[in-house]
file coords-v5.txt (compact mmCIF, C-alpha atoms and all ligand atoms)
# COMPACT_ATOMS: atom_id res chain seq x y z
CA MET L 1 87.99 112.85 103.21
CA GLU L 2 86.65 114.40 106.41
CA LEU L 3 88.28 117.80 105.94
CA LEU L 4 86.66 118.25 102.52
CA LYS L 5 83.23 117.14 103.78
CA GLN L 6 83.52 119.57 106.67
CA ARG L 7 84.43 122.45 104.34
CA ILE L 8 81.57 121.51 101.98
CA LEU L 9 79.13 121.71 104.89
CA GLU L 10 80.61 125.08 105.92
CA VAL L 11 80.66 126.83 102.55
CA GLY L 12 78.56 124.78 100.11
CA VAL L 13 75.48 126.41 98.68
CA VAL L 14 72.75 124.10 97.42
CA VAL L 15 71.62 125.78 94.21
CA SER L 16 69.09 123.08 93.27
CA ASP L 17 68.45 119.37 93.82
CA GLN L 18 71.19 118.78 91.22
CA VAL L 19 73.82 121.45 91.76
CA LEU L 20 76.09 122.40 94.66
CA LYS L 21 77.97 125.67 94.53
CA LEU L 22 81.51 125.50 95.91
CA ASP L 23 82.78 128.87 94.72
CA ALA L 24 84.45 129.56 98.07
CA ILE L 25 86.92 126.65 97.87
CA LEU L 26 87.03 125.07 94.40
CA ASN L 27 85.27 126.77 91.51
CA HIS L 28 85.98 130.46 91.83
CA GLN L 29 87.97 131.17 94.96
CA VAL L 30 90.50 128.44 95.73
CA ASP L 31 91.49 127.30 99.23
CA PRO L 32 95.16 126.37 98.74
CA VAL L 33 95.61 124.53 102.05
CA LEU L 34 92.56 122.37 101.38
CA ILE L 35 93.54 121.79 97.73
CA MET L 36 97.03 120.77 98.86
CA GLU L 37 95.54 118.20 101.25
CA MET L 38 93.27 116.89 98.50
CA GLY L 39 96.24 116.44 96.19
CA LYS L 40 98.08 114.64 98.97
CA GLU L 41 95.13 112.28 99.44
CA PHE L 42 94.82 111.52 95.71
CA ALA L 43 98.57 110.88 95.59
CA ARG L 44 98.28 108.50 98.54
CA LEU L 45 95.34 106.65 96.92
CA PHE L 46 96.91 106.31 93.47
CA ARG L 47 100.67 106.19 94.06
CA GLU L 48 100.69 102.38 93.77
CA THR L 49 99.24 102.66 90.24
CA LYS L 50 102.47 104.44 89.21
CA PRO L 51 101.04 107.30 87.16
CA ASP L 52 103.42 108.98 84.71
CA LYS L 53 101.15 111.97 84.33
CA VAL L 54 98.02 113.59 85.74
CA LEU L 55 95.33 114.75 83.29
CA THR L 56 92.42 117.12 83.90
CA VAL L 57 90.35 119.66 81.98
CA GLU L 58 90.33 123.40 82.52
CA SER L 59 89.44 125.24 84.58
CA SER L 60 88.33 123.93 87.97
CA GLY L 61 90.21 120.64 87.74
CA ILE L 62 93.55 122.41 87.46
CA PRO L 63 94.36 123.24 91.12
CA ILE L 64 93.53 119.72 92.36
CA ALA L 65 95.32 118.01 89.47
CA TYR L 66 98.30 120.25 90.13
CA THR L 67 98.64 119.42 93.83
CA THR L 68 98.12 115.72 93.03
CA ALA L 69 100.90 115.86 90.44
CA LEU L 70 103.11 117.79 92.84
CA HIS L 71 102.79 115.06 95.47
CA LEU L 72 103.39 112.33 92.88
CA GLU L 73 106.25 114.36 91.36
CA VAL L 74 104.93 113.88 87.82
CA PRO L 75 103.74 116.43 85.22
CA MET L 76 100.14 117.60 85.02
CA VAL L 77 98.37 118.25 81.69
CA PHE L 78 95.08 120.07 81.40
CA ALA L 79 92.89 119.63 78.36
CA ARG L 80 92.00 122.96 76.80
CA ARG L 81 88.53 123.99 75.75
CA LYS L 82 88.27 125.27 72.22
CA LYS L 83 85.40 127.17 70.80
CA THR L 84 86.30 126.79 67.13
CA LEU L 85 85.48 123.65 65.21
CA THR L 86 88.82 123.60 63.40
CA MET L 87 91.47 121.72 65.34
CA ASP L 88 95.19 121.50 64.75
CA GLN L 89 96.35 118.27 63.20
CA ASP L 90 98.48 117.48 66.21
CA THR L 91 95.75 117.49 68.85
CA TYR L 92 93.37 114.89 70.22
CA SER L 93 89.97 116.50 70.54
CA GLU L 94 86.62 115.33 71.79
CA ARG L 95 83.16 116.84 71.80
CA VAL L 96 81.64 116.88 75.27
CA PRO L 97 77.99 117.61 75.99
CA SER L 98 77.11 119.36 79.23
CA PHE L 99 73.63 118.52 80.42
CA THR L 100 73.73 121.06 83.24
CA LYS L 101 74.73 123.85 80.86
CA GLY L 102 72.85 122.55 77.84
CA ILE L 103 75.78 123.15 75.53
CA VAL L 104 78.43 121.16 73.73
CA THR L 105 82.10 122.00 74.08
CA ASP L 106 85.29 120.69 72.58
CA ILE L 107 88.21 119.64 74.75
CA MET L 108 91.66 119.07 73.35
CA VAL L 109 95.14 117.93 74.26
CA SER L 110 98.21 118.38 72.12
CA SER L 111 99.37 115.00 70.87
CA HIS L 112 102.89 115.91 71.97
CA LEU L 113 101.79 115.69 75.60
CA LEU L 114 100.22 112.24 75.69
CA HIS L 115 102.28 109.26 74.62
CA LYS L 116 101.52 105.68 73.80
CA GLY L 117 101.81 103.47 76.88
CA GLU L 118 101.99 106.39 79.30
CA ARG L 119 100.17 105.78 82.59
CA ILE L 120 97.54 108.49 83.11
CA LEU L 121 95.70 109.45 86.29
CA LEU L 122 92.55 111.45 85.58
CA ILE L 123 91.54 114.09 88.13
CA ASP L 124 88.50 116.38 88.17
CA ASP L 125 86.59 118.52 90.62
CA PHE L 126 83.02 117.29 90.10
CA ILE L 127 81.43 114.32 88.44
CA ALA L 128 77.80 114.61 87.45
CA ASN L 129 76.82 112.69 84.33
CA GLY L 130 80.44 111.93 83.58
CA ASP L 131 80.63 113.45 80.14
CA ALA L 132 83.81 115.39 80.83
CA ALA L 133 85.52 112.31 82.26
CA ARG L 134 84.39 110.11 79.37
CA GLY L 135 85.70 112.72 76.91
CA LEU L 136 89.09 112.69 78.63
CA ILE L 137 89.07 108.88 78.61
CA ARG L 138 88.44 108.89 74.84
CA ILE L 139 91.42 111.23 74.44
CA ILE L 140 93.59 108.84 76.49
CA GLU L 141 92.40 105.95 74.28
CA LYS L 142 93.19 107.89 71.10
CA ALA L 143 96.71 108.49 72.39
CA GLU L 144 96.99 104.77 73.21
CA ALA L 145 97.96 105.80 76.72
CA GLU L 146 96.83 103.78 79.74
CA LEU L 147 94.26 105.06 82.23
CA VAL L 148 95.26 103.97 85.74
CA GLY L 149 92.34 105.53 87.60
CA VAL L 150 90.02 108.47 88.10
CA GLY L 151 90.12 110.77 91.12
CA ILE L 152 87.11 113.02 91.70
CA ALA L 153 86.87 115.64 94.44
CA VAL L 154 83.08 115.66 94.67
CA GLU L 155 81.01 112.81 93.27
CA LYS L 156 77.29 113.36 93.08
CA SER L 157 76.32 109.71 93.44
CA PHE L 158 72.67 110.42 92.61
CA GLN L 159 73.87 111.14 89.08
CA ALA L 160 75.24 108.36 86.90
CA GLY L 161 78.75 109.57 86.03
CA GLY L 162 80.82 107.78 88.66
CA SER L 163 78.99 104.46 88.41
CA SER L 164 79.07 104.51 84.60
CA ILE L 165 82.87 104.70 84.71
CA ARG L 166 83.20 102.06 87.46
CA GLU L 167 81.03 99.74 85.35
CA ARG L 168 83.82 99.72 82.78
CA GLY L 169 86.17 98.30 85.38
CA ILE L 170 87.93 101.62 85.93
CA ARG L 171 88.91 102.54 89.48
CA VAL L 172 87.16 105.73 90.61
CA GLU L 173 88.01 107.35 93.96
CA SER L 174 85.99 110.28 95.28
CA LEU L 175 87.01 112.42 98.24
CA ALA L 176 83.38 113.29 99.00
CA ARG L 177 80.29 111.48 97.75
CA ILE L 178 77.01 113.33 97.89
CA SER L 179 73.94 111.11 97.75
CA SER L 180 71.38 113.89 97.81
CA LEU L 181 70.93 117.65 97.61
CA ALA L 182 67.18 117.42 98.13
CA ASN L 183 65.41 120.03 100.28
CA GLY L 184 68.51 122.21 100.39
CA GLN L 185 70.32 119.54 102.46
CA ILE L 186 73.75 118.13 101.66
CA THR L 187 73.74 114.39 102.39
CA PHE L 188 76.95 112.34 102.10
CA ASN L 189 77.21 108.61 101.58
P1 LIG L 201 79.67 115.87 83.68
O1 LIG L 201 80.88 116.32 82.93
O2 LIG L 201 79.99 115.02 84.88
O3 LIG L 201 78.62 115.26 82.80
O4 LIG L 201 79.03 117.14 84.28
P2 LIG L 201 78.23 118.32 83.57
O5 LIG L 201 78.42 118.27 82.12
O6 LIG L 201 76.87 118.30 84.13
O7 LIG L 201 79.07 119.48 84.20
C1 LIG L 201 79.44 120.62 83.50
C2 LIG L 201 80.27 121.50 84.37
O8 LIG L 201 79.62 121.71 85.62
C3 LIG L 201 81.65 120.96 84.72
O9 LIG L 201 82.47 122.08 84.94
C4 LIG L 201 81.39 120.25 86.05
O10 LIG L 201 82.56 120.11 86.80
C5 LIG L 201 80.43 121.20 86.69
N1 LIG L 201 79.52 120.64 87.66
C6 LIG L 201 78.67 119.58 87.54
N2 LIG L 201 77.92 119.46 88.62
C7 LIG L 201 78.31 120.46 89.47
C8 LIG L 201 77.89 120.85 90.76
O11 LIG L 201 76.98 120.29 91.40
N3 LIG L 201 78.52 121.93 91.28
C9 LIG L 201 79.52 122.60 90.65
N4 LIG L 201 80.07 123.65 91.27
N5 LIG L 201 79.93 122.27 89.42
C10 LIG L 201 79.32 121.20 88.85
P3 LIG L 201 83.19 122.76 83.71
O12 LIG L 201 82.21 123.11 82.65
O13 LIG L 201 84.29 121.84 83.34
O14 LIG L 201 83.68 124.12 84.27
P4 LIG L 201 84.94 124.51 85.13
O15 LIG L 201 84.39 124.82 86.48
O16 LIG L 201 85.87 123.34 85.19
O17 LIG L 201 85.52 125.66 84.43
NA NA L 202 83.65 122.50 87.23
NA NA L 203 85.81 120.22 86.04
call {"tool": "encode", "arguments": {"input": "coords-v5.txt", "output": "structure tokens", "more": "lines below"}}
Ligand code: G4P
Ligand code: NA
Ligand code: NA
result
Amino acid sequence: MELLKQRILEVGVVVSDQVLKLDAILNHQVDPVLIMEMGKEFARLFRETKPDKVLTVESSGIPIAYTTALHLEVPMVFARRKKTLTMDQDTYSERVPSFTKGIVTDIMVSSHLLHKGERILLIDDFIANGDAARGLIRIIEKAEAELVGVGIAVEKSFQAGGSSIRERGIRVESLARISSLANGQITFN
């Protein structure tokens, strides 16, 4: 998506060879016009898969998942992060490691919000190692819902997350793919 790539080049801050800061548009401040266009593009890409629902995880996935769901005219669910180890009986929860943060977090979705056979489109802002996406996929599997595809705003293709999910035969669409952040340079592929 050219508009997103252009905005990334304008406002992106290369924090390290691994991490790109997009606090001006996605992760802290939100650019609503851009996010609306991104949702429109995800809706265009995935409409044919007939999603019943869009799923993401708080917090930065929410705006993009919301505009995607708005364009598809379906509900959006965001997995919550829980700090306690005790979960309600009626939730699907998964433990997700974060290599960049060096911590483990729990994500959970109320079982009332994911139904057997429901067609789920997964949306997230970044994919790095793919742990968050794989955690959400395990939740979808637990609910016996059906994953129709994964939409990622920014895929860092030098990390394994996107390819690890594609290897399972799952359709992954990224709006911007970054092949390198070396030497402070943002390189797309
Ligand atoms: P993974 O899920 O793909 O394995 O990624 P990882 O654990 O490394 O990422 C942990 C958090 O960092 C996630 O946000 C993810 O979206 C974000 N992240 C990963 N790489 C980048 C990057 O290069 N730039 C930015 N800005 N974020 C990145 P989170 O913990 O879910 O936080 P939130 O922002 O959704 O609240
Ligand atoms: Na994030
Ligand atoms: Na995220």
call {"tool": "atom_distance", "arguments": {"input": "coords-v5.txt", "atom1": "atom CA of Gly169 of chain L", "atom2": "atom CA of Glu37 of chain L"}}
result
27.1 Å
call {"tool": "closest_atom_pairs", "arguments": {"input": "coords-v5.txt", "of": "chain L", "to": "ligand NA 202 (chain L)", "cutoff": "8 Å", "atoms": "all atoms listed in the file", "output": "JSON lines"}}
result
{"residue": "L:Asn27", "atom": "CA", "partner": "L:NA202", "partner_atom": "NA", "distance": 6.3}
{"residue": "L:Ser59", "atom": "CA", "partner": "L:NA202", "partner_atom": "NA", "distance": 6.9}
{"residue": "L:Ser60", "atom": "CA", "partner": "L:NA202", "partner_atom": "NA", "distance": 4.9}
{"residue": "L:Gly61", "atom": "CA", "partner": "L:NA202", "partner_atom": "NA", "distance": 6.8}
{"residue": "L:Asp124", "atom": "CA", "partner": "L:NA202", "partner_atom": "NA", "distance": 7.9}
{"residue": "L:Asp125", "atom": "CA", "partner": "L:NA202", "partner_atom": "NA", "distance": 6.0}
{"residue": "L:Phe126", "atom": "CA", "partner": "L:NA202", "partner_atom": "NA", "distance": 6.0}
call {"tool": "residues_near_point", "arguments": {"input": "coords-v5.txt", "point": "(77.1, 113.2, 86.6)", "cutoff": "9 Å", "atoms": "all atoms listed in the file", "output": "ChimeraX atom specification"}}
result
/L:99,126-131,155-162
call {"tool": "closest_residue", "arguments": {"input": "coords-v5.txt", "among": "L:Ala143, L:Val148, L:Leu20, L:Leu26", "to": "ligand NA 203 (chain L)", "atoms": "all atoms listed in the file"}}
result
L:Leu26
call {"tool": "closest_residue", "arguments": {"input": "coords-v5.txt", "among": "L:Lys40, L:Lys53, L:His28, L:Arg168", "to": "ligand NA 203 (chain L)", "atoms": "all atoms listed in the file"}}
result
L:His28
call {"tool": "atom_distance", "arguments": {"input": "coords-v5.txt", "atom1": "atom CA of Glu48 of chain L", "atom2": "atom CA of Arg119 of chain L"}}
result
11.7 Å
call {"tool": "atom_distance", "arguments": {"input": "coords-v5.txt", "atom1": "atom CA of Lys116 of chain L", "atom2": "atom CA of Tyr92 of chain L"}}
result
12.8 Å
call {"tool": "closest_residue", "arguments": {"input": "coords-v5.txt", "among": "L:Gly102, L:Gly12, L:Gly184, L:Pro63", "to": "ligand NA 203 (chain L)", "atoms": "all atoms listed in the file"}}
result
L:Pro63
call {"tool": "closest_residue", "arguments": {"input": "coords-v5.txt", "among": "L:Ile107, L:Val30, L:Ala133, L:Val54", "to": "Ser164 of chain L", "atoms": "only C-alpha atoms"}}
result
L:Ala133
call {"tool": "residues_around", "arguments": {"input": "coords-v5.txt", "residues": "Ile170 of chain L", "least_positions_apart": "3", "cutoff": "9 Å", "atoms": "all atoms listed in the file", "output": "list of chain:residue names"}}
result
L:Leu147, L:Val148, L:Gly149, L:Val150, L:Ile165, L:Arg166, L:Glu167
call {"tool": "write_last_selection", "arguments": {"input": "coords-v5.txt", "atoms": "C-alpha atoms", "output": "PDB file, keeping the file's coordinate frame"}}
result
ATOM      1  CA  LEU L 147      94.260 105.060  82.230  1.00  0.00           C
ATOM      2  CA  VAL L 148      95.260 103.970  85.740  1.00  0.00           C
ATOM      3  CA  GLY L 149      92.340 105.530  87.600  1.00  0.00           C
ATOM      4  CA  VAL L 150      90.020 108.470  88.100  1.00  0.00           C
ATOM      5  CA  ILE L 165      82.870 104.700  84.710  1.00  0.00           C
ATOM      6  CA  ARG L 166      83.200 102.060  87.460  1.00  0.00           C
ATOM      7  CA  GLU L 167      81.030  99.740  85.350  1.00  0.00           C
TER       8      GLU L 167
END
call {"tool": "closest_residue", "arguments": {"input": "coords-v5.txt", "among": "L:Lys5, L:Arg134, L:Arg171, L:His112", "to": "ligand LIG 201 (chain L)", "atoms": "all atoms listed in the file"}}
result
L:Arg134
call {"tool": "closest_residue", "arguments": {"input": "coords-v5.txt", "among": "L:Ile8, L:Leu45, L:Ala132, L:Val13", "to": "Pro97 of chain L", "atoms": "all atoms listed in the file"}}
result
L:Ala132
call {"tool": "axis_aligned_box", "arguments": {"input": "coords-v5.txt", "around": "ligand LIG 201 (chain L)", "padding_each_side": "3 Å", "output": "lines of an AutoDock Vina configuration file"}}
result
center_x = 81.4
center_y = 120.3
center_z = 86.8
size_x = 15.0
size_y = 16.6
size_z = 15.3
call {"tool": "residues_around", "arguments": {"input": "coords-v5.txt", "residues": "Gly117 of chain L", "least_positions_apart": "4", "cutoff": "7 Å", "atoms": "only C-alpha atoms", "output": "MDAnalysis selection string"}}
result
chainID L and resid 144:146
call {"tool": "write_last_selection", "arguments": {"input": "coords-v5.txt", "atoms": "C-alpha atoms", "output": "short mmCIF file (atom, residue, chain, number, x, y, z; two decimals), in the frame of the given file"}}
result
data_model
loop_
_atom_site.label_atom_id
_atom_site.label_comp_id
_atom_site.auth_asym_id
_atom_site.auth_seq_id
_atom_site.Cartn_x
_atom_site.Cartn_y
_atom_site.Cartn_z
CA GLU L 144 96.99 104.77 73.21
CA ALA L 145 97.96 105.80 76.72
CA GLU L 146 96.83 103.78 79.74
#
call {"tool": "residues_around", "arguments": {"input": "coords-v5.txt", "residues": "Glu73 of chain L", "least_positions_apart": "4", "cutoff": "12 Å", "atoms": "only C-alpha atoms", "output": "list in words"}}
result
Gly39, Lys40, Ala43, Arg47, Lys50, Pro51, Asp52, Lys53, Val54, Ala65, Tyr66, Thr67, Thr68 and Ala69 of chain L
call {"tool": "residues_around", "arguments": {"input": "coords-v5.txt", "residues": "Asn189 of chain L", "least_positions_apart": "3", "cutoff": "8 Å", "atoms": "all atoms listed in the file", "output": "list of chain:residue names"}}
result
L:Arg177, L:Ile178, L:Ser179
call {"tool": "write_last_selection", "arguments": {"input": "coords-v5.txt", "atoms": "C-alpha atoms", "output": "compact mmCIF listing (two decimals), in the coordinates of the input"}}
result
# COMPACT_ATOMS: atom_id res chain seq x y z
CA ARG L 177 80.29 111.48 97.75
CA ILE L 178 77.01 113.33 97.89
CA SER L 179 73.94 111.11 97.75
call {"tool": "decode", "arguments": {"input": "coords-v5.txt", "residues": "segment 145-188 of chain L", "atoms": "N, CA and C atoms", "output": "compact mmCIF listing (two decimals), in the first residue's frame"}}
result
# COMPACT_ATOMS: atom_id res chain seq x y z
N ALA L 145 -13.42 -22.16 15.59
CA ALA L 145 -13.78 -21.20 14.54
C ALA L 145 -12.82 -21.43 13.37
N GLU L 146 -13.07 -20.71 12.27
CA GLU L 146 -12.28 -20.94 11.06
C GLU L 146 -11.50 -19.68 10.70
N LEU L 147 -10.20 -19.78 10.65
CA LEU L 147 -9.35 -18.65 10.25
C LEU L 147 -9.39 -18.50 8.74
N VAL L 148 -9.81 -17.33 8.25
CA VAL L 148 -9.86 -17.14 6.79
C VAL L 148 -8.64 -16.41 6.25
N GLY L 149 -7.87 -15.76 7.12
CA GLY L 149 -6.68 -15.07 6.67
C GLY L 149 -6.14 -14.16 7.75
N VAL L 150 -4.94 -13.64 7.47
CA VAL L 150 -4.25 -12.76 8.42
C VAL L 150 -3.85 -11.50 7.68
N GLY L 151 -4.25 -10.36 8.18
CA GLY L 151 -3.88 -9.07 7.61
C GLY L 151 -2.96 -8.33 8.57
N ILE L 152 -1.78 -7.95 8.08
CA ILE L 152 -0.77 -7.30 8.91
C ILE L 152 -0.45 -5.95 8.29
N ALA L 153 -0.44 -4.89 9.09
CA ALA L 153 -0.10 -3.58 8.55
C ALA L 153 1.36 -3.57 8.12
N VAL L 154 2.26 -3.90 9.05
CA VAL L 154 3.69 -3.82 8.76
C VAL L 154 4.33 -5.17 9.07
N GLU L 155 4.77 -5.84 8.01
CA GLU L 155 5.49 -7.11 8.18
C GLU L 155 6.98 -6.85 8.09
N LYS L 156 7.69 -7.28 9.11
CA LYS L 156 9.15 -7.21 9.04
C LYS L 156 9.60 -8.57 8.50
N SER L 157 9.86 -8.59 7.18
CA SER L 157 10.09 -9.87 6.51
C SER L 157 11.45 -10.46 6.83
N PHE L 158 12.31 -9.68 7.50
CA PHE L 158 13.60 -10.24 7.95
C PHE L 158 13.43 -11.01 9.25
N GLN L 159 12.23 -10.97 9.82
CA GLN L 159 11.92 -11.81 10.96
C GLN L 159 10.93 -12.88 10.49
N ALA L 160 10.80 -13.95 11.24
CA ALA L 160 10.20 -15.18 10.69
C ALA L 160 8.67 -15.27 10.80
N GLY L 161 8.04 -14.30 11.49
CA GLY L 161 6.62 -14.44 11.79
C GLY L 161 5.72 -14.67 10.59
N GLY L 162 5.80 -13.81 9.61
CA GLY L 162 4.92 -13.91 8.44
C GLY L 162 5.11 -15.22 7.69
N SER L 163 6.38 -15.57 7.43
CA SER L 163 6.63 -16.80 6.67
C SER L 163 6.23 -18.03 7.46
N SER L 164 6.38 -18.01 8.77
CA SER L 164 6.01 -19.18 9.58
C SER L 164 4.50 -19.44 9.50
N ILE L 165 3.73 -18.38 9.36
CA ILE L 165 2.27 -18.56 9.25
C ILE L 165 1.89 -18.98 7.83
N ARG L 166 2.54 -18.38 6.83
CA ARG L 166 2.28 -18.79 5.43
C ARG L 166 2.62 -20.26 5.22
N GLU L 167 3.67 -20.73 5.88
CA GLU L 167 4.08 -22.14 5.74
C GLU L 167 2.99 -23.10 6.16
N ARG L 168 2.08 -22.64 6.98
CA ARG L 168 0.96 -23.49 7.40
C ARG L 168 -0.19 -23.45 6.39
N GLY L 169 0.03 -22.74 5.29
CA GLY L 169 -1.03 -22.66 4.28
C GLY L 169 -2.05 -21.58 4.56
N ILE L 170 -1.72 -20.69 5.50
CA ILE L 170 -2.63 -19.60 5.84
C ILE L 170 -2.27 -18.38 4.98
N ARG L 171 -3.29 -17.72 4.46
CA ARG L 171 -3.07 -16.52 3.65
C ARG L 171 -2.70 -15.34 4.56
N VAL L 172 -1.57 -14.74 4.28
CA VAL L 172 -1.12 -13.56 5.03
C VAL L 172 -0.95 -12.42 4.04
N GLU L 173 -1.60 -11.30 4.29
CA GLU L 173 -1.45 -10.10 3.45
C GLU L 173 -0.87 -8.98 4.31
N SER L 174 0.19 -8.37 3.83
CA SER L 174 0.80 -7.23 4.54
C SER L 174 0.66 -5.99 3.69
N LEU L 175 0.40 -4.86 4.32
CA LEU L 175 0.25 -3.60 3.58
C LEU L 175 1.61 -2.96 3.30
N ALA L 176 2.59 -3.28 4.15
CA ALA L 176 3.97 -2.84 3.92
C ALA L 176 4.87 -3.95 4.42
N ARG L 177 5.85 -4.32 3.59
CA ARG L 177 6.81 -5.35 4.00
C ARG L 177 8.18 -4.72 4.06
N ILE L 178 8.79 -4.80 5.22
CA ILE L 178 10.11 -4.20 5.40
C ILE L 178 11.15 -5.32 5.42
N SER L 179 12.09 -5.25 4.48
CA SER L 179 13.09 -6.31 4.37
C SER L 179 14.32 -6.02 5.21
N SER L 180 14.51 -4.75 5.56
CA SER L 180 15.69 -4.42 6.37
C SER L 180 15.52 -3.07 7.07
N LEU L 181 16.07 -3.00 8.27
CA LEU L 181 16.17 -1.73 8.99
C LEU L 181 17.65 -1.42 9.29
N ALA L 182 18.52 -2.12 8.56
CA ALA L 182 19.96 -1.97 8.81
C ALA L 182 20.44 -0.56 8.50
N ASN L 183 21.42 -0.10 9.22
CA ASN L 183 22.06 1.21 9.04
C ASN L 183 21.07 2.38 9.10
N GLY L 184 20.02 2.20 9.90
CA GLY L 184 19.05 3.27 10.07
C GLY L 184 18.17 3.51 8.85
N GLN L 185 18.24 2.59 7.86
CA GLN L 185 17.50 2.74 6.60
C GLN L 185 16.29 1.80 6.57
N ILE L 186 15.16 2.34 6.14
CA ILE L 186 13.97 1.51 5.96
C ILE L 186 13.94 1.03 4.52
N THR L 187 14.04 -0.29 4.34
CA THR L 187 14.01 -0.87 2.99
C THR L 187 12.77 -1.75 2.86
N PHE L 188 11.96 -1.48 1.84
CA PHE L 188 10.76 -2.27 1.58
C PHE L 188 11.05 -3.38 0.57
